[in-house]
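Asker: Below you'll find start35.cif; it's mmCIF, C-alpha atoms, pLDDT in the B column; chains and numbers go by the auth columns.
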```
data_structure
#
loop_
_atom_site.group_PDB
_atom_site.id
_atom_site.type_symbol
_atom_site.label_atom_id
_atom_site.label_comp_id
_atom_site.label_asym_id
_atom_site.label_seq_id
_atom_site.Cartn_x
_atom_site.Cartn_y
_atom_site.Cartn_z
_atom_site.B_iso_or_equiv
_atom_site.auth_seq_id
_atom_site.auth_asym_id
ATOM 1 C CA MET A 1 75.159 -37.562 -49.690 68.00 119 F
ATOM 2 C CA SER A 2 77.998 -35.590 -48.124 75.00 120 F
ATOM 3 C CA ARG A 3 77.408 -32.767 -50.623 80.00 121 F
ATOM 4 C CA TRP A 4 73.766 -32.479 -49.494 70.00 122 F
ATOM 5 C CA VAL A 5 74.843 -32.381 -45.847 73.00 123 F
ATOM 6 C CA LEU A 6 77.397 -29.643 -46.568 78.00 124 F
ATOM 7 C CA LYS A 7 74.847 -27.675 -48.565 71.00 125 F
ATOM 8 C CA GLY A 8 72.345 -27.945 -45.723 68.00 126 F
ATOM 9 C CA LEU A 9 74.884 -26.745 -43.187 69.00 127 F
ATOM 10 C CA GLY A 10 75.795 -23.859 -45.464 74.00 128 F
ATOM 11 C CA THR A 11 72.181 -22.849 -46.035 68.00 129 F
ATOM 12 C CA GLY A 12 71.292 -22.950 -42.364 71.00 130 F
ATOM 13 C CA ARG A 13 67.811 -22.908 -40.866 73.00 131 F
ATOM 14 C CA VAL A 14 65.120 -21.720 -43.282 83.00 132 F
ATOM 15 C CA THR A 15 61.982 -22.317 -41.201 92.00 133 F
ATOM 16 C CA THR A 16 59.941 -19.209 -40.415 94.00 134 F
ATOM 17 C CA ASP A 17 60.030 -17.830 -36.861 92.00 135 F
ATOM 18 C CA TYR A 18 56.280 -17.167 -36.910 94.00 136 F
ATOM 19 C CA PRO A 19 54.441 -16.885 -34.525 92.00 137 F
ATOM 20 C CA LYS A 20 57.345 -15.777 -32.305 91.00 138 F
ATOM 21 C CA LYS A 21 58.214 -13.059 -34.825 92.00 139 F
ATOM 22 C CA LYS A 22 56.371 -11.420 -37.698 92.00 140 F
ATOM 23 C CA ASP A 23 57.379 -12.793 -41.089 93.00 141 F
ATOM 24 C CA MET A 24 57.040 -10.403 -44.012 91.00 142 F
ATOM 25 C CA SER A 25 59.366 -12.193 -46.436 92.00 143 F
ATOM 26 C CA PRO A 26 58.746 -11.512 -50.142 91.00 144 F
ATOM 27 C CA GLY A 27 55.855 -13.590 -51.463 91.00 145 F
ATOM 28 C CA ILE A 28 54.619 -14.607 -48.029 94.00 146 F
ATOM 29 C CA THR A 29 51.204 -13.008 -48.635 95.00 147 F
ATOM 30 C CA PRO A 30 49.211 -11.644 -51.581 94.00 148 F
ATOM 31 C CA GLY A 31 47.484 -9.153 -49.257 94.00 149 F
ATOM 32 C CA LEU A 32 43.770 -8.584 -48.686 94.00 150 F
ATOM 33 C CA PRO A 33 41.517 -5.531 -49.214 92.00 151 F
ATOM 34 C CA VAL A 34 40.860 -3.546 -46.048 91.00 152 F
ATOM 35 C CA LYS A 35 37.352 -4.012 -44.663 90.00 153 F
ATOM 36 C CA GLU A 36 36.546 -0.326 -44.168 87.00 154 F
ATOM 37 C CA VAL A 37 37.677 2.585 -46.336 80.00 155 F
ATOM 38 C CA ASP A 38 37.077 6.066 -44.925 72.00 156 F
ATOM 39 C CA LYS A 39 36.256 7.528 -48.328 68.00 157 F
ATOM 40 C CA ARG A 40 33.909 6.907 -51.212 68.00 158 F
ATOM 41 C CA ILE A 41 35.856 4.926 -53.761 77.00 159 F
ATOM 42 C CA ASP A 42 35.234 5.241 -57.485 77.00 160 F
ATOM 43 C CA LYS A 43 31.847 3.641 -58.212 79.00 161 F
ATOM 44 C CA ASN A 44 33.246 2.038 -61.361 82.00 162 F
ATOM 45 C CA ILE A 45 35.191 -0.333 -59.122 84.00 163 F
ATOM 46 C CA LEU A 46 31.932 -1.893 -57.929 85.00 164 F
ATOM 47 C CA SER A 47 31.232 -3.347 -61.362 86.00 165 F
ATOM 48 C CA LEU A 48 34.744 -4.803 -61.555 87.00 166 F
ATOM 49 C CA CYS A 49 34.290 -7.084 -58.543 89.00 167 F
ATOM 50 C CA PRO A 50 32.996 -10.483 -59.787 90.00 168 F
ATOM 51 C CA THR A 51 31.578 -11.451 -56.373 89.00 169 F
ATOM 52 C CA SER A 52 30.076 -8.053 -55.387 88.00 170 F
ATOM 53 C CA ALA A 53 32.343 -7.939 -52.341 91.00 171 F
ATOM 54 C CA ILE A 54 32.691 -4.130 -52.499 89.00 172 F
ATOM 55 C CA PHE A 55 29.879 -1.772 -51.576 87.00 173 F
ATOM 56 C CA ILE A 56 29.359 1.867 -50.559 84.00 174 F
ATOM 57 C CA LYS A 57 27.270 2.988 -47.619 83.00 175 F
ATOM 58 C CA GLY A 58 27.052 6.684 -46.857 79.00 176 F
ATOM 59 C CA ASP A 59 30.511 8.240 -46.914 78.00 177 F
ATOM 60 C CA MET A 60 32.228 4.912 -46.286 83.00 178 F
ATOM 61 C CA SER A 61 33.255 2.075 -48.571 85.00 179 F
ATOM 62 C CA TYR A 62 33.313 -1.520 -47.377 89.00 180 F
ATOM 63 C CA VAL A 63 34.750 -4.835 -48.524 92.00 181 F
ATOM 64 C CA ALA A 64 33.177 -8.157 -47.541 92.00 182 F
ATOM 65 C CA THR A 65 36.534 -9.930 -47.328 93.00 183 F
ATOM 66 C CA HIS A 66 34.871 -13.343 -46.993 93.00 184 F
ATOM 67 C CA ARG A 67 33.734 -12.896 -50.610 93.00 185 F
ATOM 68 C CA CYS A 68 37.059 -11.638 -52.019 93.00 186 F
ATOM 69 C CA ILE A 69 38.579 -14.004 -54.615 93.00 187 F
ATOM 70 C CA HIS A 70 41.877 -12.149 -55.106 93.00 188 F
ATOM 71 C CA CYS A 71 41.234 -11.089 -58.672 91.00 189 F
ATOM 72 C CA PHE A 72 43.171 -7.863 -57.831 91.00 190 F
ATOM 73 C CA ARG A 73 40.928 -5.751 -60.079 90.00 191 F
ATOM 74 C CA CYS A 74 40.174 -3.237 -57.326 87.00 192 F
ATOM 75 C CA LEU A 75 43.886 -2.948 -56.487 85.00 193 F
ATOM 76 C CA ARG A 76 44.998 -2.411 -60.082 85.00 194 F
ATOM 77 C CA TYR A 77 42.251 0.074 -60.920 81.00 195 F
ATOM 78 C CA GLY A 78 44.315 3.113 -59.928 72.00 196 F
ATOM 79 C CA GLY A 79 42.984 6.466 -58.743 64.00 197 F
ATOM 80 C CA ASP A 80 40.451 6.065 -55.939 69.00 198 F
ATOM 81 C CA SER A 81 40.962 2.330 -55.660 77.00 199 F
ATOM 82 C CA VAL A 82 40.538 0.042 -52.647 84.00 200 F
ATOM 83 C CA PRO A 83 43.610 -0.003 -50.349 86.00 201 F
ATOM 84 C CA TRP A 84 45.047 -3.397 -49.439 90.00 202 F
ATOM 85 C CA ASN A 85 46.508 -4.704 -46.210 91.00 203 F
ATOM 86 C CA MET A 86 49.690 -6.679 -46.885 92.00 204 F
ATOM 87 C CA ASP A 87 49.496 -8.604 -43.603 94.00 205 F
ATOM 88 C CA TYR A 88 48.422 -12.275 -43.329 96.00 206 F
ATOM 89 C CA GLU A 89 46.691 -12.533 -39.950 96.00 207 F
ATOM 90 C CA TRP A 90 43.186 -12.672 -41.432 94.00 208 F
ATOM 91 C CA ALA A 91 41.532 -15.336 -39.293 96.00 209 F
ATOM 92 C CA ASN A 92 38.330 -14.283 -37.534 94.00 210 F
ATOM 93 C CA ALA A 93 36.557 -16.049 -34.686 96.00 211 F
ATOM 94 C CA THR A 94 32.801 -16.455 -35.082 95.00 212 F
ATOM 95 C CA HIS A 95 32.158 -16.512 -31.324 94.00 213 F
ATOM 96 C CA LYS A 96 34.034 -15.941 -28.059 93.00 214 F
ATOM 97 C CA ASP A 97 34.658 -19.601 -27.116 91.00 215 F
ATOM 98 C CA PHE A 98 36.561 -20.471 -30.286 94.00 216 F
ATOM 99 C CA SER A 99 39.817 -21.759 -28.778 93.00 217 F
ATOM 100 C CA LEU A 100 40.568 -25.216 -27.443 92.00 218 F
ATOM 101 C CA PRO A 101 41.437 -25.711 -23.763 90.00 219 F
ATOM 102 C CA SER A 102 45.009 -24.773 -22.834 86.00 220 F
ATOM 103 C CA SER A 103 45.969 -28.460 -22.607 82.00 221 F
ATOM 104 C CA PHE A 104 45.872 -28.552 -26.438 84.00 222 F
ATOM 105 C CA LYS A 105 48.474 -25.806 -26.750 78.00 223 F
ATOM 106 C CA HIS A 106 51.392 -28.157 -27.448 80.00 224 F
ATOM 107 C CA SER A 107 49.668 -30.868 -29.475 90.00 225 F
ATOM 108 C CA ALA A 108 46.601 -30.872 -31.705 95.00 226 F
ATOM 109 C CA HIS A 109 45.523 -33.139 -34.553 97.00 227 F
ATOM 110 C CA ILE A 110 43.839 -31.844 -37.675 97.00 228 F
ATOM 111 C CA ARG A 111 41.490 -33.627 -40.039 98.00 229 F
ATOM 112 C CA VAL A 112 41.364 -31.873 -43.424 98.00 230 F
ATOM 113 C CA VAL A 113 38.163 -32.222 -45.460 97.00 231 F
ATOM 114 C CA ASP A 114 37.929 -31.180 -49.090 96.00 232 F
ATOM 115 C CA ALA A 115 34.240 -30.347 -49.364 93.00 233 F
ATOM 116 C CA GLY A 116 34.389 -29.180 -52.978 91.00 234 F
ATOM 117 C CA ASP A 117 37.673 -27.337 -53.420 91.00 235 F
ATOM 118 C CA CYS A 118 39.072 -26.291 -56.805 91.00 236 F
ATOM 119 C CA GLY A 119 42.530 -27.398 -55.677 92.00 237 F
ATOM 120 C CA ALA A 120 43.918 -24.009 -54.629 94.00 238 F
ATOM 121 C CA CYS A 121 43.118 -23.948 -50.900 96.00 239 F
ATOM 122 C CA ILE A 122 44.013 -27.599 -50.363 96.00 240 F
ATOM 123 C CA ASN A 123 47.438 -26.957 -51.905 96.00 241 F
ATOM 124 C CA GLU A 124 48.020 -24.061 -49.499 97.00 242 F
ATOM 125 C CA VAL A 125 47.132 -26.378 -46.611 97.00 243 F
ATOM 126 C CA LYS A 126 49.638 -28.964 -47.895 96.00 244 F
ATOM 127 C CA LEU A 127 52.403 -26.347 -47.741 96.00 245 F
ATOM 128 C CA LEU A 128 52.074 -26.234 -43.949 96.00 246 F
ATOM 129 C CA ASN A 129 54.048 -29.481 -43.855 93.00 247 F
ATOM 130 C CA ASN A 130 56.989 -28.191 -45.896 92.00 248 F
ATOM 131 C CA PRO A 131 60.305 -27.145 -44.258 90.00 249 F
ATOM 132 C CA TYR A 132 59.563 -23.420 -44.367 94.00 250 F
ATOM 133 C CA TYR A 133 56.275 -23.498 -42.405 95.00 251 F
ATOM 134 C CA ASN A 134 56.872 -26.854 -40.628 94.00 252 F
ATOM 135 C CA MET A 135 53.716 -26.891 -38.504 95.00 253 F
ATOM 136 C CA HIS A 136 55.030 -29.964 -36.637 94.00 254 F
ATOM 137 C CA ARG A 137 57.357 -27.667 -34.662 93.00 255 F
ATOM 138 C CA LEU A 138 54.202 -26.121 -33.186 93.00 256 F
ATOM 139 C CA GLY A 139 52.673 -29.449 -32.221 93.00 257 F
ATOM 140 C CA LEU A 140 50.217 -29.541 -35.141 96.00 258 F
ATOM 141 C CA PHE A 141 49.693 -32.828 -36.964 96.00 259 F
ATOM 142 C CA ILE A 142 47.427 -34.078 -39.766 96.00 260 F
ATOM 143 C CA THR A 143 45.378 -37.168 -38.948 96.00 261 F
ATOM 144 C CA PRO A 144 43.537 -39.360 -41.484 94.00 262 F
ATOM 145 C CA THR A 145 40.631 -40.073 -39.152 95.00 263 F
ATOM 146 C CA PRO A 146 38.169 -37.651 -37.539 96.00 264 F
ATOM 147 C CA ARG A 147 37.985 -39.944 -34.478 97.00 265 F
ATOM 148 C CA LYS A 148 41.438 -38.718 -33.457 95.00 266 F
ATOM 149 C CA ALA A 149 41.018 -35.119 -34.611 97.00 267 F
ATOM 150 C CA ASP A 150 40.760 -32.019 -32.452 97.00 268 F
ATOM 151 C CA ILE A 151 40.346 -29.609 -35.358 97.00 269 F
ATOM 152 C CA LEU A 152 38.316 -30.043 -38.539 98.00 270 F
ATOM 153 C CA LEU A 153 39.782 -27.898 -41.301 98.00 271 F
ATOM 154 C CA VAL A 154 37.374 -27.546 -44.227 98.00 272 F
ATOM 155 C CA VAL A 155 38.187 -26.183 -47.688 97.00 273 F
ATOM 156 C CA GLY A 156 35.895 -25.601 -50.661 92.00 274 F
ATOM 157 C CA CYS A 157 32.249 -24.728 -51.103 90.00 275 F
ATOM 158 C CA VAL A 158 30.278 -27.624 -49.666 92.00 276 F
ATOM 159 C CA THR A 159 28.714 -29.592 -52.505 92.00 277 F
ATOM 160 C CA GLU A 160 25.511 -31.578 -52.106 91.00 278 F
ATOM 161 C CA HIS A 161 27.476 -34.824 -52.339 92.00 279 F
ATOM 162 C CA MET A 162 29.845 -33.748 -49.542 94.00 280 F
ATOM 163 C CA LYS A 163 27.186 -32.542 -47.115 94.00 281 F
ATOM 164 C CA ILE A 164 26.650 -35.916 -45.406 95.00 282 F
ATOM 165 C CA PRO A 165 30.370 -36.937 -45.337 96.00 283 F
ATOM 166 C CA LEU A 166 31.211 -33.562 -43.782 96.00 284 F
ATOM 167 C CA LYS A 167 28.531 -33.973 -41.130 97.00 285 F
ATOM 168 C CA LYS A 168 29.695 -37.511 -40.356 97.00 286 F
ATOM 169 C CA ALA A 169 33.301 -36.358 -40.007 97.00 287 F
ATOM 170 C CA TYR A 170 32.222 -33.636 -37.575 98.00 288 F
ATOM 171 C CA GLU A 171 30.028 -35.970 -35.534 97.00 289 F
ATOM 172 C CA ALA A 172 32.808 -38.591 -35.303 97.00 290 F
ATOM 173 C CA MET A 173 35.220 -36.146 -33.663 97.00 291 F
ATOM 174 C CA PRO A 174 35.665 -36.316 -29.888 96.00 292 F
ATOM 175 C CA THR A 175 34.915 -33.252 -27.790 94.00 293 F
ATOM 176 C CA PRO A 176 36.169 -30.615 -27.380 94.00 294 F
ATOM 177 C CA LYS A 177 36.428 -29.977 -31.123 96.00 295 F
ATOM 178 C CA ARG A 178 36.779 -26.939 -33.338 97.00 296 F
ATOM 179 C CA VAL A 179 36.079 -26.190 -37.000 98.00 297 F
ATOM 180 C CA ILE A 180 38.111 -23.870 -39.241 98.00 298 F
ATOM 181 C CA ALA A 181 36.630 -22.862 -42.609 97.00 299 F
ATOM 182 C CA VAL A 182 39.382 -21.930 -45.081 97.00 300 F
ATOM 183 C CA GLY A 183 38.936 -19.829 -48.206 95.00 301 F
ATOM 184 C CA SER A 184 36.232 -17.692 -49.778 94.00 302 F
ATOM 185 C CA CYS A 185 34.358 -20.711 -51.121 93.00 303 F
ATOM 186 C CA ALA A 186 34.081 -22.183 -47.629 95.00 304 F
ATOM 187 C CA LEU A 187 32.878 -18.836 -46.249 95.00 305 F
ATOM 188 C CA SER A 188 30.537 -17.560 -48.951 92.00 306 F
ATOM 189 C CA GLY A 189 30.493 -19.872 -51.952 87.00 307 F
ATOM 190 C CA GLY A 190 33.114 -17.651 -53.614 84.00 308 F
ATOM 191 C CA ILE A 191 32.874 -17.323 -57.376 83.00 309 F
ATOM 192 C CA PHE A 192 30.486 -20.270 -57.500 80.00 310 F
ATOM 193 C CA GLU A 193 27.964 -18.803 -55.027 76.00 311 F
ATOM 194 C CA PRO A 194 25.173 -20.970 -53.619 75.00 312 F
ATOM 195 C CA ASP A 195 23.215 -22.906 -56.224 77.00 313 F
ATOM 196 C CA PHE A 196 21.379 -26.211 -56.572 73.00 314 F
ATOM 197 C CA MET A 197 24.606 -28.183 -55.978 81.00 315 F
ATOM 198 C CA THR A 198 26.587 -26.013 -53.525 79.00 316 F
ATOM 199 C CA TYR A 199 25.976 -24.259 -50.218 83.00 317 F
ATOM 200 C CA SER A 200 26.756 -20.660 -49.363 84.00 318 F
ATOM 201 C CA SER A 201 29.130 -21.601 -46.529 91.00 319 F
ATOM 202 C CA VAL A 202 30.383 -24.424 -44.340 95.00 320 F
ATOM 203 C CA SER A 203 28.411 -22.914 -41.451 94.00 321 F
ATOM 204 C CA GLU A 204 25.196 -23.926 -43.223 93.00 322 F
ATOM 205 C CA VAL A 205 26.149 -27.567 -42.643 95.00 323 F
ATOM 206 C CA ILE A 206 28.219 -27.631 -39.413 96.00 324 F
ATOM 207 C CA PRO A 207 29.179 -25.013 -36.781 96.00 325 F
ATOM 208 C CA VAL A 208 32.262 -22.959 -37.664 97.00 326 F
ATOM 209 C CA ASP A 209 34.545 -21.502 -34.992 97.00 327 F
ATOM 210 C CA VAL A 210 37.191 -19.664 -37.054 97.00 328 F
ATOM 211 C CA GLU A 211 37.047 -18.308 -40.604 97.00 329 F
ATOM 212 C CA VAL A 212 39.999 -17.648 -42.919 97.00 330 F
ATOM 213 C CA PRO A 213 39.171 -15.467 -45.952 96.00 331 F
ATOM 214 C CA GLY A 214 41.198 -15.479 -49.168 94.00 332 F
ATOM 215 C CA CYS A 215 41.182 -17.224 -52.525 94.00 333 F
ATOM 216 C CA PRO A 216 43.304 -18.998 -51.633 94.00 334 F
ATOM 217 C CA PRO A 217 44.573 -17.756 -48.267 96.00 335 F
ATOM 218 C CA PRO A 218 48.353 -18.171 -47.916 97.00 336 F
ATOM 219 C CA PRO A 219 49.751 -20.828 -45.551 97.00 337 F
ATOM 220 C CA MET A 220 50.617 -18.181 -42.961 97.00 338 F
ATOM 221 C CA SER A 221 46.945 -17.121 -42.720 97.00 339 F
ATOM 222 C CA ILE A 222 45.906 -20.740 -42.154 98.00 340 F
ATOM 223 C CA LEU A 223 48.673 -21.100 -39.579 96.00 341 F
ATOM 224 C CA HIS A 224 47.363 -17.971 -37.844 96.00 342 F
ATOM 225 C CA ALA A 225 43.930 -19.601 -37.548 97.00 343 F
ATOM 226 C CA LEU A 226 45.435 -22.792 -36.110 96.00 344 F
ATOM 227 C CA MET A 227 47.423 -20.735 -33.587 94.00 345 F
ATOM 228 C CA MET A 228 44.244 -18.962 -32.523 94.00 346 F
ATOM 229 C CA VAL A 229 42.387 -22.218 -31.984 96.00 347 F
ATOM 230 C CA CYS A 230 45.317 -23.743 -30.077 92.00 348 F
ATOM 231 C CA ASN A 231 45.672 -20.760 -27.728 83.00 349 F
ATOM 232 C CA GLN A 232 49.076 -19.768 -29.120 71.00 350 F
ATOM 233 C CA LYS A 233 48.100 -16.308 -30.382 66.00 351 F
#
```
Show the structure stored in the file as structure tokens.

Answerer:
Amino acid sequence: MSRWVLKGLGTGRVTTDYPKKKDMSPGITPGLPVKEVDKRIDKNILSLCPTSAIFIKGDMSYVATHRCIHCFRCLRYGGDSVPWNMDYEWANATHKDFSLPSSFKHSAHIRVVDAGDCGACINEVKLLNNPYYNMHRLGLFITPTPRKADILLVVGCVTEHMKIPLKKAYEAMPTPKRVIAVGSCALSGGIFEPDFMTYSSVSEVIPVDVEVPGCPPPPMSILHALMMVCNQK
């Protein structure tokens, strides 16, 4: 036991300083394609994208980041490829009243719903509890019941079997409440796309306040979304 204590004292504090300071440690983010490219990229790249997230309009090239699945084909193409942003603050609000009242700034409870996830996004969410990200220091806590939740965090493309449970979870939450959709599947259906068993986005089933693109988005991107909702960004 004493050896572990000494090792801990020697290692020191490892928790990230985000959001007080930017954190660009190695491996913190896989990056994301930029949304607008002020040039016409090589048309051959369009056929490489499995979700048709890249398109050309006039003299500009665009990336629908909510459809990006991080296959990296456009990045590795070379030549006139799509540039990537190596940041992690990807969260986007869907309307102007997306944040909770200021009284929630120091404490908010989150109910996580797996609406049809492959396992990737939910694992990134789990990492928020580890010592490096330690979301508890920011007053963010996971709750097992929607009746005590302020934020509903949804991962995965909503399957037909999860439509009603997701609606019930949302309706059971007290007001004010906010919904964060995490990952390309939750925003657009991702690689699965809408079909007879899945929906195109969480917003088809319940209102969404903040979207986090990525497949999967890194923990820091999810933390950015939570900070936005809790009025800390």

Asker: Written as a PyMOL selection string, what is the full residue list that the PyMOL selection byres ((chain F and resi 198-202) around 10) yields on the file shown?

Answerer: chain F and resi 148-155+157-163+172+179-181+190-197+203-205

Asker: Given the choices F:Glu207, F:Leu305, F:Cys186, F:Pro337, which gets closest to Lys244 of chain F if the distance is worked out from all atoms listed in the file?

Answerer: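 Ranking F:Glu207, F:Leu305, F:Cys186, F:Pro337 by distance to Lys244 of chain F, first place goes to F:Pro337.
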
Asker: List, as a list of chain:residue names, every residue that the PyMOL selection byres ((chain F and resi 132-143) around 7) selects in the file provided.

Answerer: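 Output of the PyMOL selection byres ((chain F and resi 132-143) around 7): F:Gly130, F:Arg131, F:Pro144, F:Gly145, F:Ile146, F:Pro249, F:Tyr250, F:Tyr251, F:Asn252.
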
Asker: Once the PyMOL selection byres ((chain F and resi 290) around 12) is applied to the coordinates I shared, what remains selected? I want it as a VMD selection string.

Answerer: chain F and resid 229 263 to 270 283 to 289 291 to 295

Asker: Just to confirm, what's the straight-line distance from atom CA of Leu245 of chain F to atom CA of Ala182 of chain F in Å (one decimal)?

Answerer: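 Taking atom CA of Leu245 of chain F and atom CA of Ala182 of chain F, their separation equals 26.5 Å.
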
Asker: For Pro334 of chain F, which residue out of F:Ala299, F:Ile240, F:Ile282, F:Cys275 is the nearest one, using only C-alpha atoms?

Answerer: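 Among the listed residues, F:Ile240 lies closest to Pro334 of chain F.
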
Asker: Mind listing as a PDB file with C-alpha atoms, in the frame of the given file all residues within 10 Å of (35.7, -20.9, -47.7), counting all atoms listed in the file?

Answerer:
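Saved to out.pdb:
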```pdb
ATOM      1  CA  HIS F 184      34.871 -13.343 -46.993  1.00 93.00           C
ATOM      2  CA  ARG F 185      33.734 -12.896 -50.610  1.00 93.00           C
ATOM      3  CA  ALA F 233      34.240 -30.347 -49.364  1.00 93.00           C
ATOM      4  CA  GLY F 234      34.389 -29.180 -52.978  1.00 91.00           C
ATOM      5  CA  ASP F 235      37.673 -27.337 -53.420  1.00 91.00           C
ATOM      6  CA  CYS F 239      43.118 -23.948 -50.900  1.00 96.00           C
ATOM      7  CA  VAL F 272      37.374 -27.546 -44.227  1.00 98.00           C
ATOM      8  CA  VAL F 273      38.187 -26.183 -47.688  1.00 97.00           C
ATOM      9  CA  GLY F 274      35.895 -25.601 -50.661  1.00 92.00           C
ATOM     10  CA  CYS F 275      32.249 -24.728 -51.103  1.00 90.00           C
ATOM     11  CA  VAL F 276      30.278 -27.624 -49.666  1.00 92.00           C
ATOM     12  CA  ILE F 298      38.111 -23.870 -39.241  1.00 98.00           C
ATOM     13  CA  ALA F 299      36.630 -22.862 -42.609  1.00 97.00           C
ATOM     14  CA  VAL F 300      39.382 -21.930 -45.081  1.00 97.00           C
ATOM     15  CA  GLY F 301      38.936 -19.829 -48.206  1.00 95.00           C
ATOM     16  CA  SER F 302      36.232 -17.692 -49.778  1.00 94.00           C
ATOM     17  CA  CYS F 303      34.358 -20.711 -51.121  1.00 93.00           C
ATOM     18  CA  ALA F 304      34.081 -22.183 -47.629  1.00 95.00           C
ATOM     19  CA  LEU F 305      32.878 -18.836 -46.249  1.00 95.00           C
ATOM     20  CA  SER F 306      30.537 -17.560 -48.951  1.00 92.00           C
ATOM     21  CA  GLY F 307      30.493 -19.872 -51.952  1.00 87.00           C
ATOM     22  CA  GLY F 308      33.114 -17.651 -53.614  1.00 84.00           C
ATOM     23  CA  SER F 318      26.756 -20.660 -49.363  1.00 84.00           C
ATOM     24  CA  SER F 319      29.130 -21.601 -46.529  1.00 91.00           C
ATOM     25  CA  VAL F 320      30.383 -24.424 -44.340  1.00 95.00           C
ATOM     26  CA  SER F 321      28.411 -22.914 -41.451  1.00 94.00           C
ATOM     27  CA  GLU F 329      37.047 -18.308 -40.604  1.00 97.00           C
ATOM     28  CA  VAL F 330      39.999 -17.648 -42.919  1.00 97.00           C
ATOM     29  CA  PRO F 331      39.171 -15.467 -45.952  1.00 96.00           C
ATOM     30  CA  GLY F 332      41.198 -15.479 -49.168  1.00 94.00           C
ATOM     31  CA  CYS F 333      41.182 -17.224 -52.525  1.00 94.00           C
ATOM     32  CA  PRO F 334      43.304 -18.998 -51.633  1.00 94.00           C
ATOM     33  CA  PRO F 335      44.573 -17.756 -48.267  1.00 96.00           C
TER      34      PRO F 335
END
```

Asker: Choose the residue, out of F:Ala211, F:Cys189, F:Ala226, F:Leu166, that has the smallest atom-to-atom separation from Met346 of chain F; count only C-alpha atoms.

Answerer: F:Ala211

Asker: Kindly indicate which residue among F:Asp156, F:Glu322, F:Asp232, F:Glu242 lies nearest to Leu271 of chain F, using only C-alpha atoms for the distances.

Answerer: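 Closest to Leu271 of chain F of all the choices is F:Asp232.
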
Asker: Could you tell me how far atom CA of Ala238 of chain F lies from atom CA of Phe222 of chain F, in Å and to one decimal?

Answerer: 28.6 Å

Asker: Given the choices F:Cys167, F:Ile174, F:Leu124, F:Met253, which gets closest to Met345 of chain F if the distance is worked out from all atoms listed in the file?

Answerer: F:Met253

Asker: What does the structure give for the distance between atom CA of Ser220 of chain F and atom CA of Cys348 of chain F, in Å to one decimal?

Answerer: 7.3 Å

Asker: Using all atoms listed in the file for the distances, tell me which of F:Ala209, F:Met178, F:Leu164, F:Met280 is nearest to Val231 of chain F.

Answerer: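 Counting all atoms listed in the file, the residue closest to Val231 of chain F is F:Met280.
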
Asker: Counting only C-alpha atoms, note down every residue that has an atom within 10 Å of the point (52.2, -33.2, -35.3) (file coordinates), as a PyMOL selection string.

Answerer: chain F and resi 224-228+247+252-261
